[in-house]
Amino acid sequence: MNKYAPEIAVFACNWSSANDEQADCNPYGPVVRTMCSARVEPVFVLKALMAGADGVMVIGCNPGDCHYKRGSYKTFRRMALLKRMLEQFGIAPERLRVEWLPGEDHPGMQAAVESFAEEIAWMGPFPRQLQQVA
């Protein structure tokens with residue numbers, strides 16, 4: 001297994017899985033709470049990569065369970081488009097992951113972060129020359 005410890009930025013919906021106790025479940029970087037996953041703008045993902053994150057995870061409510069009704073659907077569409085844009089910039093779209101978790105699912109959030117960290121560790125660090133593009 002690769003000993004490289006990636007930097008993972010997590011944007012997590014306040015209503016799904018991010019509460020004060022769960023903010024510590026990401027040993028790879030910060031957990032930024034948002035009121036809804038739909039509030040995560042593409043520029044936030046790009047700025048996280050520019051700031052040194054090797055991968056970015058967006059965690060939202062299960063589609064259909066969004067506190068704001070359609071937020072998860074908006075997130076799905078927006079992040080799918082962003083992944084296509086990342087590819088155009090020469091950035092592996094796998095460096096962005098979207099997870100849907102029910103509220104209060106601390107083990108699910110921790111498992112999702114661990115799984116993503118393993119994938120990013122396998123990919124290696126985010127190429128620093130691409131930070132200028134992102």
# chains A, B, ... in the order shown; residues from 1 in each chain; ligands from 1

$ residues_around --residues "stretch 42-46 of chain A" --least-positions-apart "2" --cutoff "7 Å" --atoms "only C-alpha atoms" --output "list in words"
Val40, Ala48, Leu49, Met50, Val56, Leu82 and Ala134 of chain A

$ residues_around --residues "A:Ile120" --least-positions-apart "5" --cutoff "8 Å" --atoms "only C-alpha atoms" --output "PDB file with C-alpha atoms, in the first residue's frame"
ATOM      1  CA  PRO A   6      -3.346  12.653   0.521  1.00  0.00           C
ATOM      2  CA  ASP A  54      -5.234  16.256  -3.764  1.00  0.00           C
ATOM      3  CA  GLY A  55      -8.930  15.425  -3.916  1.00  0.00           C
ATOM      4  CA  ARG A  95     -10.177  13.734  -7.922  1.00  0.00           C
ATOM      5  CA  PRO A 125      -0.379  13.929  -5.349  1.00  0.00           C
TER       6      PRO A 125
END

$ residues_around --residues "A:Glu119" --least-positions-apart "3" --cutoff "12 Å" --atoms "only C-alpha atoms" --output "list in words"
Met1, Asn2, Tyr4, Ala5, Pro6, Glu7, Ile8, Asp54, Gly55, Val56, Met57, Ala92, Glu94, Arg95, Leu96, Arg97, Ala112, Val113, Glu114, Ser115, Phe116, Trp122, Met123, Gly124 and Pro125 of chain A

$ residues_around --residues "A:Asn26" --least-positions-apart "4" --cutoff "7 Å" --atoms "only C-alpha atoms" --output "PyMOL selection string"
chain A and resi 30-31+110+113

$ atom_distance --atom1 "atom CA of A:Arg84" --atom2 "atom CA of A:Asp65"
26.2 Å

$ closest_residue --among "A:Cys36, A:Ala51, A:Leu86, A:Ile91" --to "A:Asn14" --atoms "only C-alpha atoms"
A:Cys36
